[in-house]
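Pasting start_33.cif here (mmCIF, C-alpha atoms):
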```cif
data_target
loop_
_atom_site.group_PDB
_atom_site.id
_atom_site.type_symbol
_atom_site.label_atom_id
_atom_site.label_comp_id
_atom_site.auth_asym_id
_atom_site.auth_seq_id
_atom_site.Cartn_x
_atom_site.Cartn_y
_atom_site.Cartn_z
ATOM 1 C CA MET Y 1 85.003 142.056 100.750
ATOM 2 C CA ASP Y 2 85.896 144.584 98.064
ATOM 3 C CA SER Y 3 86.181 142.017 95.288
ATOM 4 C CA LYS Y 4 84.977 138.503 94.730
ATOM 5 C CA LEU Y 5 86.982 135.713 96.284
ATOM 6 C CA LYS Y 6 88.300 132.941 94.104
ATOM 7 C CA ILE Y 7 87.580 129.450 95.423
ATOM 8 C CA ALA Y 8 88.951 126.174 94.020
ATOM 9 C CA ILE Y 9 87.474 122.751 94.735
ATOM 10 C CA LEU Y 10 90.123 120.143 93.989
ATOM 11 C CA ASP Y 11 89.956 116.506 92.895
ATOM 12 C CA ASP Y 12 86.174 116.313 92.573
ATOM 13 C CA TYR Y 13 86.475 113.095 90.567
ATOM 14 C CA GLN Y 14 82.753 112.321 90.636
ATOM 15 C CA ASN Y 15 81.690 115.952 89.973
ATOM 16 C CA ILE Y 16 79.416 116.020 93.004
ATOM 17 C CA ALA Y 17 80.727 118.842 95.209
ATOM 18 C CA LEU Y 18 78.270 121.504 94.080
ATOM 19 C CA ALA Y 19 75.318 119.095 94.227
ATOM 20 C CA MET Y 20 76.025 117.934 97.786
ATOM 21 C CA ALA Y 21 75.529 121.317 99.481
ATOM 22 C CA ASP Y 22 73.860 124.678 99.006
ATOM 23 C CA TRP Y 23 76.594 127.016 97.785
ATOM 24 C CA SER Y 24 74.264 129.915 96.935
ATOM 25 C CA ALA Y 25 75.296 132.067 99.904
ATOM 26 C CA ILE Y 26 78.929 131.775 98.859
ATOM 27 C CA THR Y 27 78.426 132.581 95.179
ATOM 28 C CA GLN Y 28 77.299 136.066 96.194
ATOM 29 C CA ASN Y 29 80.839 136.769 97.355
ATOM 30 C CA ALA Y 30 82.972 134.360 95.376
ATOM 31 C CA ASP Y 31 83.642 132.641 92.078
ATOM 32 C CA ILE Y 32 83.906 128.871 92.434
ATOM 33 C CA THR Y 33 85.992 126.690 90.121
ATOM 34 C CA VAL Y 34 85.682 122.920 90.333
ATOM 35 C CA PHE Y 35 88.516 120.689 89.142
ATOM 36 C CA ASN Y 36 87.573 117.091 88.374
ATOM 37 C CA ASP Y 37 91.068 115.933 87.437
ATOM 38 C CA HIS Y 38 94.143 115.362 89.579
ATOM 39 C CA ILE Y 39 97.507 117.062 89.133
ATOM 40 C CA SER Y 40 100.577 115.360 90.578
ATOM 41 C CA ASP Y 41 103.262 117.624 89.108
ATOM 42 C CA GLN Y 42 104.078 120.371 91.601
ATOM 43 C CA GLU Y 43 104.783 123.086 89.034
ATOM 44 C CA ASP Y 44 101.530 122.448 87.215
ATOM 45 C CA LEU Y 45 99.661 122.393 90.532
ATOM 46 C CA ILE Y 46 101.119 125.737 91.642
ATOM 47 C CA GLU Y 47 100.236 127.290 88.300
ATOM 48 C CA ARG Y 48 96.655 126.063 88.659
ATOM 49 C CA LEU Y 49 96.233 127.198 92.263
ATOM 50 C CA TRP Y 50 98.049 130.537 92.058
ATOM 51 C CA PRO Y 51 94.944 132.751 91.559
ATOM 52 C CA PHE Y 52 92.857 131.273 94.374
ATOM 53 C CA ASP Y 53 92.139 132.723 97.812
ATOM 54 C CA ILE Y 54 90.454 129.574 99.161
ATOM 55 C CA ILE Y 55 91.053 125.926 98.342
ATOM 56 C CA SER Y 56 88.848 122.978 99.244
ATOM 57 C CA VAL Y 57 90.838 119.739 99.259
ATOM 58 C CA MET Y 58 89.394 116.233 99.318
ATOM 59 C CA ARG Y 59 91.111 114.314 102.096
ATOM 60 C CA GLU Y 60 94.714 113.539 101.101
ATOM 61 C CA ARG Y 61 94.272 113.478 97.334
ATOM 62 C CA THR Y 62 96.454 116.560 96.800
ATOM 63 C CA PRO Y 63 99.248 117.061 99.347
ATOM 64 C CA LEU Y 64 99.970 120.678 100.277
ATOM 65 C CA THR Y 65 103.647 120.958 101.145
ATOM 66 C CA LYS Y 66 105.873 123.786 102.318
ATOM 67 C CA SER Y 67 107.161 124.465 98.812
ATOM 68 C CA ILE Y 68 103.585 124.825 97.580
ATOM 69 C CA PHE Y 69 102.453 127.160 100.355
ATOM 70 C CA GLN Y 70 105.512 129.351 99.810
ATOM 71 C CA ARG Y 71 104.513 129.963 96.175
ATOM 72 C CA LEU Y 72 100.802 130.692 96.590
ATOM 73 C CA PRO Y 73 100.754 134.331 97.764
ATOM 74 C CA ASN Y 74 97.000 134.721 97.251
ATOM 75 C CA LEU Y 75 96.023 131.712 99.344
ATOM 76 C CA LYS Y 76 94.327 132.549 102.630
ATOM 77 C CA LEU Y 77 92.244 129.523 103.599
ATOM 78 C CA VAL Y 78 92.304 125.758 103.044
ATOM 79 C CA ILE Y 79 89.291 123.628 103.916
ATOM 80 C CA SER Y 80 90.172 119.949 104.201
ATOM 81 C CA THR Y 81 87.384 117.398 104.220
ATOM 82 C CA GLY Y 82 87.613 115.027 107.173
ATOM 83 C CA ILE Y 83 88.863 115.552 110.695
ATOM 84 C CA ARG Y 84 92.571 115.298 109.870
ATOM 85 C CA ASN Y 85 94.811 115.490 106.834
ATOM 86 C CA ALA Y 86 98.360 114.200 107.173
ATOM 87 C CA SER Y 87 99.274 115.483 103.696
ATOM 88 C CA ILE Y 88 99.010 119.156 104.706
ATOM 89 C CA ASP Y 89 102.138 120.765 106.176
ATOM 90 C CA LEU Y 90 100.441 122.639 109.019
ATOM 91 C CA GLU Y 91 103.588 124.472 110.137
ATOM 92 C CA ALA Y 92 104.278 125.688 106.601
ATOM 93 C CA ALA Y 93 100.672 126.840 106.289
ATOM 94 C CA LYS Y 94 101.021 128.826 109.506
ATOM 95 C CA GLU Y 95 104.254 130.404 108.303
ATOM 96 C CA ALA Y 96 102.547 131.413 105.054
ATOM 97 C CA GLY Y 97 99.593 132.915 106.902
ATOM 98 C CA VAL Y 98 97.155 130.315 105.564
ATOM 99 C CA GLU Y 99 94.380 129.166 107.870
ATOM 100 C CA ILE Y 100 93.520 125.449 107.841
ATOM 101 C CA ARG Y 101 90.030 124.245 108.709
ATOM 102 C CA ASN Y 102 88.466 120.795 108.665
ATOM 103 C CA THR Y 103 85.015 119.321 108.200
ATOM 104 C CA GLY Y 104 83.084 116.595 109.963
ATOM 105 C CA TYR Y 105 83.233 112.990 108.878
ATOM 106 C CA HIS Y 106 80.831 110.039 108.582
ATOM 107 C CA TRP Y 107 83.233 107.248 109.552
ATOM 108 C CA THR Y 108 81.069 104.162 108.865
ATOM 109 C CA GLY Y 109 81.853 104.112 105.134
ATOM 110 C CA ALA Y 110 85.305 102.560 105.615
ATOM 111 C CA PRO Y 111 84.233 99.478 107.611
ATOM 112 C CA GLU Y 112 81.265 98.955 105.301
ATOM 113 C CA VAL Y 113 83.434 98.896 102.181
ATOM 114 C CA THR Y 114 85.931 96.665 103.981
ATOM 115 C CA TRP Y 115 83.228 94.100 104.615
ATOM 116 C CA ALA Y 116 81.900 94.449 101.080
ATOM 117 C CA LEU Y 117 85.358 93.666 99.698
ATOM 118 C CA LEU Y 118 85.831 90.757 102.091
ATOM 119 C CA MET Y 119 82.549 89.167 101.068
ATOM 120 C CA ALA Y 120 83.228 89.821 97.395
ATOM 121 C CA ILE Y 121 86.601 88.040 97.398
ATOM 122 C CA ALA Y 122 85.303 85.213 99.587
ATOM 123 C CA ARG Y 123 82.377 84.467 97.297
ATOM 124 C CA LYS Y 124 84.200 85.468 94.079
ATOM 125 C CA ILE Y 125 81.431 87.886 93.197
ATOM 126 C CA PRO Y 126 83.407 89.912 90.588
ATOM 127 C CA GLN Y 127 84.393 86.732 88.733
ATOM 128 C CA GLU Y 128 80.859 85.339 88.768
ATOM 129 C CA ASN Y 129 79.394 88.643 87.667
ATOM 130 C CA GLN Y 130 81.785 88.838 84.708
ATOM 131 C CA SER Y 131 81.146 85.187 83.894
ATOM 132 C CA LEU Y 132 77.401 85.738 83.922
ATOM 133 C CA ARG Y 133 77.744 88.739 81.613
ATOM 134 C CA SER Y 134 79.698 86.496 79.239
ATOM 135 C CA GLY Y 135 76.868 83.961 79.109
ATOM 136 C CA ASN Y 136 78.228 81.445 81.613
ATOM 137 C CA TRP Y 137 76.772 79.968 84.800
ATOM 138 C CA GLN Y 138 78.426 78.969 88.123
ATOM 139 C CA GLN Y 139 82.114 78.899 87.286
ATOM 140 C CA THR Y 140 83.724 79.203 90.737
ATOM 141 C CA VAL Y 141 83.283 77.980 94.317
ATOM 142 C CA GLY Y 142 83.252 80.511 97.138
ATOM 143 C CA THR Y 143 84.656 80.399 100.658
ATOM 144 C CA ASP Y 144 82.477 80.288 103.789
ATOM 145 C CA LEU Y 145 82.892 82.963 106.436
ATOM 146 C CA PHE Y 146 81.230 81.013 109.244
ATOM 147 C CA GLY Y 147 83.870 79.243 111.295
ATOM 148 C CA LYS Y 148 86.766 80.993 109.556
ATOM 149 C CA THR Y 149 89.306 83.186 111.347
ATOM 150 C CA ILE Y 150 89.713 86.888 110.679
ATOM 151 C CA GLY Y 151 92.778 88.775 111.852
ATOM 152 C CA ILE Y 152 92.284 92.479 112.526
ATOM 153 C CA VAL Y 153 95.408 94.626 112.618
ATOM 154 C CA GLY Y 154 94.444 97.752 114.539
ATOM 155 C CA LEU Y 155 91.445 97.751 116.854
ATOM 156 C CA GLY Y 156 90.298 101.367 116.836
ATOM 157 C CA ASN Y 157 86.776 102.482 115.883
ATOM 158 C CA ILE Y 158 86.913 100.851 112.458
ATOM 159 C CA GLY Y 159 88.633 97.702 113.658
ATOM 160 C CA ILE Y 160 86.016 97.283 116.388
ATOM 161 C CA LYS Y 161 83.254 97.641 113.808
ATOM 162 C CA ILE Y 162 84.881 94.911 111.706
ATOM 163 C CA ALA Y 163 85.040 92.698 114.782
ATOM 164 C CA ASN Y 164 81.297 93.254 115.262
ATOM 165 C CA TYR Y 165 80.590 92.273 111.662
ATOM 166 C CA ALA Y 166 82.809 89.191 111.924
ATOM 167 C CA ASN Y 167 81.148 88.001 115.096
ATOM 168 C CA ALA Y 168 77.733 88.414 113.466
ATOM 169 C CA PHE Y 169 78.940 86.053 110.716
ATOM 170 C CA GLY Y 170 80.172 83.472 113.195
ATOM 171 C CA MET Y 171 83.867 84.021 112.592
ATOM 172 C CA HIS Y 172 86.744 83.612 115.037
ATOM 173 C CA VAL Y 173 88.253 87.044 115.620
ATOM 174 C CA LEU Y 174 91.931 87.677 116.346
ATOM 175 C CA ALA Y 175 93.360 91.153 116.840
ATOM 176 C CA TRP Y 176 96.817 92.669 117.139
ATOM 177 C CA SER Y 177 98.456 96.059 117.282
ATOM 178 C CA PRO Y 178 101.592 97.148 119.127
ATOM 179 C CA ASN Y 179 99.722 98.563 122.137
ATOM 180 C CA LEU Y 180 96.587 96.422 122.165
ATOM 181 C CA THR Y 181 95.686 94.835 125.502
ATOM 182 C CA GLU Y 182 93.869 91.599 126.150
ATOM 183 C CA GLU Y 183 91.104 93.509 127.934
ATOM 184 C CA LYS Y 184 90.487 95.913 125.064
ATOM 185 C CA ALA Y 185 90.458 93.078 122.540
ATOM 186 C CA ALA Y 186 87.930 91.153 124.622
ATOM 187 C CA GLU Y 187 85.675 94.215 124.905
ATOM 188 C CA ALA Y 188 85.556 94.321 121.098
ATOM 189 C CA GLY Y 189 84.721 90.616 120.830
ATOM 190 C CA ALA Y 190 88.216 89.648 119.739
ATOM 191 C CA LYS Y 191 91.070 87.554 121.087
ATOM 192 C CA LEU Y 192 94.451 89.212 121.484
ATOM 193 C CA ALA Y 193 97.121 87.483 119.401
ATOM 194 C CA THR Y 194 100.725 88.127 118.579
ATOM 195 C CA LYS Y 195 101.423 89.403 115.102
ATOM 196 C CA GLU Y 196 102.938 86.064 114.172
ATOM 197 C CA VAL Y 197 99.956 84.047 115.376
ATOM 198 C CA LEU Y 198 97.524 86.374 113.621
ATOM 199 C CA PHE Y 199 99.300 86.035 110.266
ATOM 200 C CA ASN Y 200 99.737 82.296 110.679
ATOM 201 C CA GLU Y 201 96.197 81.410 111.658
ATOM 202 C CA SER Y 202 93.916 83.902 109.898
ATOM 203 C CA ASP Y 203 91.925 83.158 106.765
ATOM 204 C CA PHE Y 204 91.319 86.878 106.222
ATOM 205 C CA ILE Y 205 93.587 89.684 107.441
ATOM 206 C CA THR Y 206 92.408 93.290 107.382
ATOM 207 C CA LEU Y 207 94.359 96.426 108.286
ATOM 208 C CA HIS Y 208 92.917 99.381 110.209
ATOM 209 C CA VAL Y 209 95.890 101.434 111.347
ATOM 210 C CA VAL Y 210 96.722 105.127 111.017
ATOM 211 C CA LEU Y 211 99.672 105.648 108.667
ATOM 212 C CA SER Y 212 102.746 107.066 110.377
ATOM 213 C CA PRO Y 213 106.520 106.653 110.050
ATOM 214 C CA ARG Y 214 106.184 103.866 112.629
ATOM 215 C CA SER Y 215 103.430 101.984 110.794
ATOM 216 C CA LYS Y 216 104.784 102.360 107.250
ATOM 217 C CA ASP Y 217 105.683 98.911 105.856
ATOM 218 C CA MET Y 218 104.005 97.309 108.856
ATOM 219 C CA VAL Y 219 103.368 94.315 106.597
ATOM 220 C CA THR Y 220 106.275 92.942 104.554
ATOM 221 C CA SER Y 221 107.201 89.673 102.892
ATOM 222 C CA THR Y 222 108.119 88.295 106.318
ATOM 223 C CA ASP Y 223 104.486 88.626 107.396
ATOM 224 C CA ILE Y 224 102.954 87.625 104.069
ATOM 225 C CA ASN Y 225 105.042 84.468 103.959
ATOM 226 C CA MET Y 226 103.511 83.392 107.279
ATOM 227 C CA MET Y 227 99.994 83.506 105.797
ATOM 228 C CA LYS Y 228 98.079 80.430 104.685
ATOM 229 C CA PRO Y 229 98.161 79.916 100.895
ATOM 230 C CA SER Y 230 94.344 80.098 101.074
ATOM 231 C CA ALA Y 231 94.289 83.406 102.985
ATOM 232 C CA TYR Y 232 93.309 86.868 101.771
ATOM 233 C CA LEU Y 233 94.786 90.250 102.688
ATOM 234 C CA ILE Y 234 92.511 93.303 102.812
ATOM 235 C CA ASN Y 235 93.624 96.930 103.042
ATOM 236 C CA THR Y 236 91.193 99.854 103.122
ATOM 237 C CA SER Y 237 93.309 101.989 105.443
ATOM 238 C CA ARG Y 238 96.435 103.347 103.724
ATOM 239 C CA GLY Y 239 98.526 101.792 100.974
ATOM 240 C CA PRO Y 240 102.002 102.224 102.508
ATOM 241 C CA LEU Y 241 101.051 100.088 105.517
ATOM 242 C CA ILE Y 242 101.954 97.153 103.253
ATOM 243 C CA ASN Y 243 105.234 96.992 101.363
ATOM 244 C CA GLU Y 244 103.809 97.193 97.867
ATOM 245 C CA GLY Y 245 106.638 95.359 96.109
ATOM 246 C CA ASP Y 246 106.413 92.465 98.557
ATOM 247 C CA LEU Y 247 102.659 92.205 98.092
ATOM 248 C CA ILE Y 248 102.881 92.283 94.300
ATOM 249 C CA LYS Y 249 105.461 89.482 94.340
ATOM 250 C CA ALA Y 250 103.295 87.368 96.667
ATOM 251 C CA LEU Y 251 100.276 87.843 94.413
ATOM 252 C CA GLN Y 252 102.182 87.176 91.198
ATOM 253 C CA THR Y 253 103.555 83.916 92.623
ATOM 254 C CA GLU Y 254 100.178 83.074 94.200
ATOM 255 C CA ARG Y 255 101.805 82.797 97.620
ATOM 256 C CA ILE Y 256 98.423 83.845 99.051
ATOM 257 C CA ALA Y 257 94.946 83.448 97.595
ATOM 258 C CA GLY Y 258 94.472 87.111 96.898
ATOM 259 C CA ALA Y 259 94.084 90.676 98.111
ATOM 260 C CA ALA Y 260 91.274 93.202 98.258
ATOM 261 C CA LEU Y 261 92.580 96.758 98.104
ATOM 262 C CA ASP Y 262 91.032 100.220 98.229
ATOM 263 C CA VAL Y 263 94.224 102.200 98.949
ATOM 264 C CA TYR Y 264 97.627 102.452 97.278
ATOM 265 C CA ASP Y 265 101.080 103.982 97.599
ATOM 266 C CA THR Y 266 100.335 106.376 94.739
ATOM 267 C CA GLU Y 267 96.815 107.594 94.009
ATOM 268 C CA PRO Y 268 95.276 107.666 91.487
ATOM 269 C CA LEU Y 269 96.703 104.249 90.688
ATOM 270 C CA LEU Y 270 98.984 104.313 87.655
ATOM 271 C CA ALA Y 271 97.379 103.036 84.457
ATOM 272 C CA ASP Y 272 99.878 100.182 84.054
ATOM 273 C CA HIS Y 273 100.003 99.147 87.707
ATOM 274 C CA PRO Y 274 99.892 95.365 88.338
ATOM 275 C CA PHE Y 275 96.994 95.765 90.770
ATOM 276 C CA ARG Y 276 94.822 96.680 87.780
ATOM 277 C CA THR Y 277 95.392 93.354 86.029
ATOM 278 C CA LEU Y 278 96.305 90.634 88.526
ATOM 279 C CA ASN Y 279 93.568 88.002 88.582
ATOM 280 C CA ASN Y 280 93.799 87.517 92.348
ATOM 281 C CA VAL Y 281 93.335 91.199 93.193
ATOM 282 C CA LEU Y 282 90.029 92.925 93.827
ATOM 283 C CA ALA Y 283 90.863 96.615 93.559
ATOM 284 C CA THR Y 284 88.650 99.661 94.044
ATOM 285 C CA PRO Y 285 89.655 103.347 93.629
ATOM 286 C CA HIS Y 286 89.739 104.489 97.286
ATOM 287 C CA ILE Y 287 85.973 104.613 97.685
ATOM 288 C CA GLY Y 288 85.884 103.703 101.362
ATOM 289 C CA TYR Y 289 84.754 107.134 102.531
ATOM 290 C CA GLY Y 290 82.994 108.060 99.281
ATOM 291 C CA THR Y 291 79.348 107.785 100.284
ATOM 292 C CA GLU Y 292 76.438 110.167 99.810
ATOM 293 C CA ASP Y 293 76.087 110.917 103.517
ATOM 294 C CA THR Y 294 79.815 111.526 103.906
ATOM 295 C CA TYR Y 295 80.006 113.867 100.927
ATOM 296 C CA ARG Y 296 77.016 115.842 102.190
ATOM 297 C CA ILE Y 297 78.794 116.327 105.510
ATOM 298 C CA PHE Y 298 82.049 117.233 103.755
ATOM 299 C CA PHE Y 299 80.610 119.924 101.518
ATOM 300 C CA THR Y 300 77.919 121.275 103.825
ATOM 301 C CA ASP Y 301 80.626 121.827 106.430
ATOM 302 C CA THR Y 302 82.920 123.305 103.772
ATOM 303 C CA VAL Y 303 80.282 125.879 102.912
ATOM 304 C CA ALA Y 304 79.734 126.673 106.603
ATOM 305 C CA GLU Y 305 83.467 127.096 107.246
ATOM 306 C CA ILE Y 306 83.923 129.386 104.242
ATOM 307 C CA LEU Y 307 80.950 131.546 105.281
ATOM 308 C CA ASP Y 308 82.297 131.750 108.828
ATOM 309 C CA TRP Y 309 85.713 132.770 107.517
ATOM 310 C CA ILE Y 310 84.174 135.420 105.280
ATOM 311 C CA ASP Y 311 82.216 136.824 108.235
ATOM 312 C CA GLN Y 312 85.437 137.092 110.234
ATOM 313 C CA HIS Y 313 87.283 138.866 107.460
#
```

Turn the structure described in the file into C-alpha cells.
Amino acid sequence: MDSKLKIAILDDYQNIALAMADWSAITQNADITVFNDHISDQEDLIERLWPFDIISVMRERTPLTKSIFQRLPNLKLVISTGIRNASIDLEAAKEAGVEIRNTGYHWTGAPEVTWALLMAIARKIPQENQSLRSGNWQQTVGTDLFGKTIGIVGLGNIGIKIANYANAFGMHVLAWSPNLTEEKAAEAGAKLATKEVLFNESDFITLHVVLSPRSKDMVTSTDINMMKPSAYLINTSRGPLINEGDLIKALQTERIAGAALDVYDTEPLLADHPFRTLNNVLATPHIGYGTEDTYRIFFTDTVAEILDWIDQH
C-alpha cells in the first residue's frame, strides 16, 4: 500500500470495538475512525463515509443500499459482523466493486436474553427493582413458569434452545412455523400446534423467525386478539415480524398483559416512541447479541479479514 488506508467502524454505541481485539497490526497500514453515534439520513451518511476505503458495520444497524454504494467511490471493502446481513445490497456492492466479508457469530446471546426478558416480565423484576429503589417492599405478585404454556414461533437453533429452557422450567411447550413438522417439534421437546391454537393457549409467546417479505407482519391484531388477557408476547428476533401499530394498540388497551421487546421497526427507537413509556412493556435496546464473547468474535474476525484483504491487495 502506497498510502494509509482509511477505516471506519460504524455504530459502536458502547465504544468497545478497539478494546475487543488487537488492532495494532492494522494501524501500521491504516487510520481507524470509530463512530459511536448513528446516522439515519442518507446524505449525512454518505458525507461521513465518503473518505473511507474500508467500513466495519455492526449487524444491520446501518443499511448499505445501492444509492449509497454508488456514491462512495473510495470504498473497497465492507466487513459486516455476523454471518449474514440483510440490510446490505450485495448486488449493488458487486456492481460498485466493493467486496463484502462477514465475521463469525456467538449465537447463544439471543436465546439467553429472551429467557432473561421472559423471567423479568413474569416475576415483574423491573417494577420491584424500581419500587425497592423508591423505598418500598413487595408491591407486585409474579407469575409462575412451572405448568404454564409457552408458544414458540419458529423452531430453528434459537427456538430449540428456548424449548430446552422451557422444559427445564417445567413448562408445556407448543411450537409453530409454516413448515414445521410434528417430528421436528417432538425432537426439540415441543408439541406441534396450529398458529391459532398456539396463540389461544399460550401464556407466553416468543418469536424466533428470520425476517423476510413472507414473515413481515407475521403477527397482527388477528393473532394478538386470540391471546389470553394474561399472556405476554416476547420478540427478540426482528421488529417487523409484529405489526407495530397493532401491538401498540393492544398494549394501550391492555388487551394482553404485556410485551418484552428487544427489537423494533426503527432502530434506535425514537425518543418519543410509546414502547419507551408504556407500563406493560419491558423494552431493551437490541442487546440480544451484545455480549462480551460475541463482540470479541466480531472484532477479532474483523481484524483478521482486513489483514487478509490487505495481504491480497

Next on the checklist: For this structure, which residues satisfy the selection - the PyMOL selection byres ((chain Y and resi 60) around 9) - when it is evaluated on the file as given? I want them as a VMD selection string.
Outcome noted: chain Y and resid 57 to 59 61 to 64 80 to 81 85 to 88

Next on the checklist: Counting only C-alpha atoms, which residues sit no farther than 9 Å from the position (92.9, 91.9, 97.7) in the file's frame? I'd like them as an MDAnalysis selection string.
Outcome noted: chainID Y and resid 117:118 121 232:235 257:262 275 280:283

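Put simply, the PyMOL selection byres ((chain Y and resi 122) around 8) in this file takes in Leu118, Met119, Ala120, Ile121, Arg123, Lys124, Ile125, Gly142, Thr143, Asp144 and Leu145 of chain Y.
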
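Between Leu211 in chain Y and the candidates Y:Asp12, Y:Glu43, Y:Asp265, Y:Asp311, the tightest atom-to-atom separation, counting all atoms listed in the file, involves Y:Asp265.
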
Checklist entry - So which one's closest to Thr27 in chain Y, Y:Thr277, Y:Leu45, Y:Trp115, Y:Lys6? Using all atoms listed in the file, please. => result Y:Lys6

Next on the checklist: Residues near Glu305 in chain Y, anyone? I mean within 9 Å using only C-alpha atoms, not counting same-chain ones fewer than 5 positions away, as a count of residues only.
Outcome noted: 6

Output file: range 269-276 of chain Y, all heavy atoms, as a JSON list (two decimals), in the first residue's frame:
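Resulting contents of selection.json:
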```
[["chain", "number", "residue", "atom", "x", "y", "z"],
["Y", 269, "LEU", "N", -34.60, 3.23, 18.69],
["Y", 269, "LEU", "CA", -36.00, 3.56, 18.93],
["Y", 269, "LEU", "C", -36.16, 5.06, 19.12],
["Y", 269, "LEU", "O", -35.37, 5.69, 19.83],
["Y", 269, "LEU", "CB", -36.49, 2.82, 20.18],
["Y", 269, "LEU", "CG", -37.99, 2.73, 20.43],
["Y", 269, "LEU", "CD1", -38.67, 1.94, 19.33],
["Y", 269, "LEU", "CD2", -38.23, 2.08, 21.79],
["Y", 270, "LEU", "N", -37.16, 5.63, 18.46],
["Y", 270, "LEU", "CA", -37.37, 7.08, 18.57],
["Y", 270, "LEU", "C", -37.61, 7.50, 20.02],
["Y", 270, "LEU", "O", -38.19, 6.75, 20.81],
["Y", 270, "LEU", "CB", -38.56, 7.48, 17.71],
["Y", 270, "LEU", "CG", -38.41, 7.22, 16.19],
["Y", 270, "LEU", "CD1", -39.69, 7.59, 15.47],
["Y", 270, "LEU", "CD2", -37.23, 7.99, 15.63],
["Y", 271, "ALA", "N", -37.17, 8.70, 20.35],
["Y", 271, "ALA", "CA", -37.21, 9.16, 21.74],
["Y", 271, "ALA", "C", -38.63, 9.23, 22.30],
["Y", 271, "ALA", "O", -38.83, 9.04, 23.50],
["Y", 271, "ALA", "CB", -36.55, 10.54, 21.84],
["Y", 272, "ASP", "N", -39.62, 9.49, 21.44],
["Y", 272, "ASP", "CA", -40.99, 9.63, 21.91],
["Y", 272, "ASP", "C", -41.85, 8.40, 21.60],
["Y", 272, "ASP", "O", -43.07, 8.46, 21.61],
["Y", 272, "ASP", "CB", -41.65, 10.87, 21.31],
["Y", 272, "ASP", "CG", -41.68, 10.83, 19.78],
["Y", 272, "ASP", "OD1", -41.04, 9.93, 19.18],
["Y", 272, "ASP", "OD2", -42.34, 11.70, 19.16],
["Y", 273, "HIS", "N", -41.20, 7.28, 21.34],
["Y", 273, "HIS", "CA", -41.95, 6.07, 20.97],
["Y", 273, "HIS", "C", -42.73, 5.54, 22.17],
["Y", 273, "HIS", "O", -42.22, 5.53, 23.30],
["Y", 273, "HIS", "CB", -40.99, 5.00, 20.45],
["Y", 273, "HIS", "CG", -41.67, 3.92, 19.68],
["Y", 273, "HIS", "ND1", -42.43, 2.93, 20.28],
["Y", 273, "HIS", "CD2", -41.73, 3.67, 18.34],
["Y", 273, "HIS", "CE1", -42.91, 2.13, 19.35],
["Y", 273, "HIS", "NE2", -42.51, 2.55, 18.18],
["Y", 274, "PRO", "N", -43.95, 5.06, 21.96],
["Y", 274, "PRO", "CA", -44.75, 4.52, 23.08],
["Y", 274, "PRO", "C", -44.09, 3.37, 23.82],
["Y", 274, "PRO", "O", -44.33, 3.20, 25.03],
["Y", 274, "PRO", "CB", -46.04, 4.05, 22.38],
["Y", 274, "PRO", "CG", -46.13, 4.88, 21.15],
["Y", 274, "PRO", "CD", -44.72, 5.12, 20.70],
["Y", 275, "PHE", "N", -43.27, 2.59, 23.15],
["Y", 275, "PHE", "CA", -42.62, 1.47, 23.83],
["Y", 275, "PHE", "C", -41.70, 1.94, 24.97],
["Y", 275, "PHE", "O", -41.37, 1.16, 25.86],
["Y", 275, "PHE", "CB", -41.79, 0.63, 22.85],
["Y", 275, "PHE", "CG", -42.63, -0.21, 21.91],
["Y", 275, "PHE", "CD1", -42.13, -0.57, 20.67],
["Y", 275, "PHE", "CD2", -43.90, -0.64, 22.26],
["Y", 275, "PHE", "CE1", -42.89, -1.35, 19.80],
["Y", 275, "PHE", "CE2", -44.67, -1.42, 21.40],
["Y", 275, "PHE", "CZ", -44.16, -1.77, 20.16],
["Y", 276, "ARG", "N", -41.30, 3.19, 24.92],
["Y", 276, "ARG", "CA", -40.43, 3.73, 25.98],
["Y", 276, "ARG", "C", -41.21, 4.05, 27.27],
["Y", 276, "ARG", "O", -40.60, 4.15, 28.33],
["Y", 276, "ARG", "CB", -39.71, 4.98, 25.51],
["Y", 276, "ARG", "CG", -38.64, 4.74, 24.44],
["Y", 276, "ARG", "CD", -37.92, 6.04, 24.12],
["Y", 276, "ARG", "NE", -36.88, 5.88, 23.09],
["Y", 276, "ARG", "CZ", -35.61, 5.61, 23.34],
["Y", 276, "ARG", "NH1", -35.20, 5.46, 24.59],
["Y", 276, "ARG", "NH2", -34.74, 5.49, 22.35]]
```
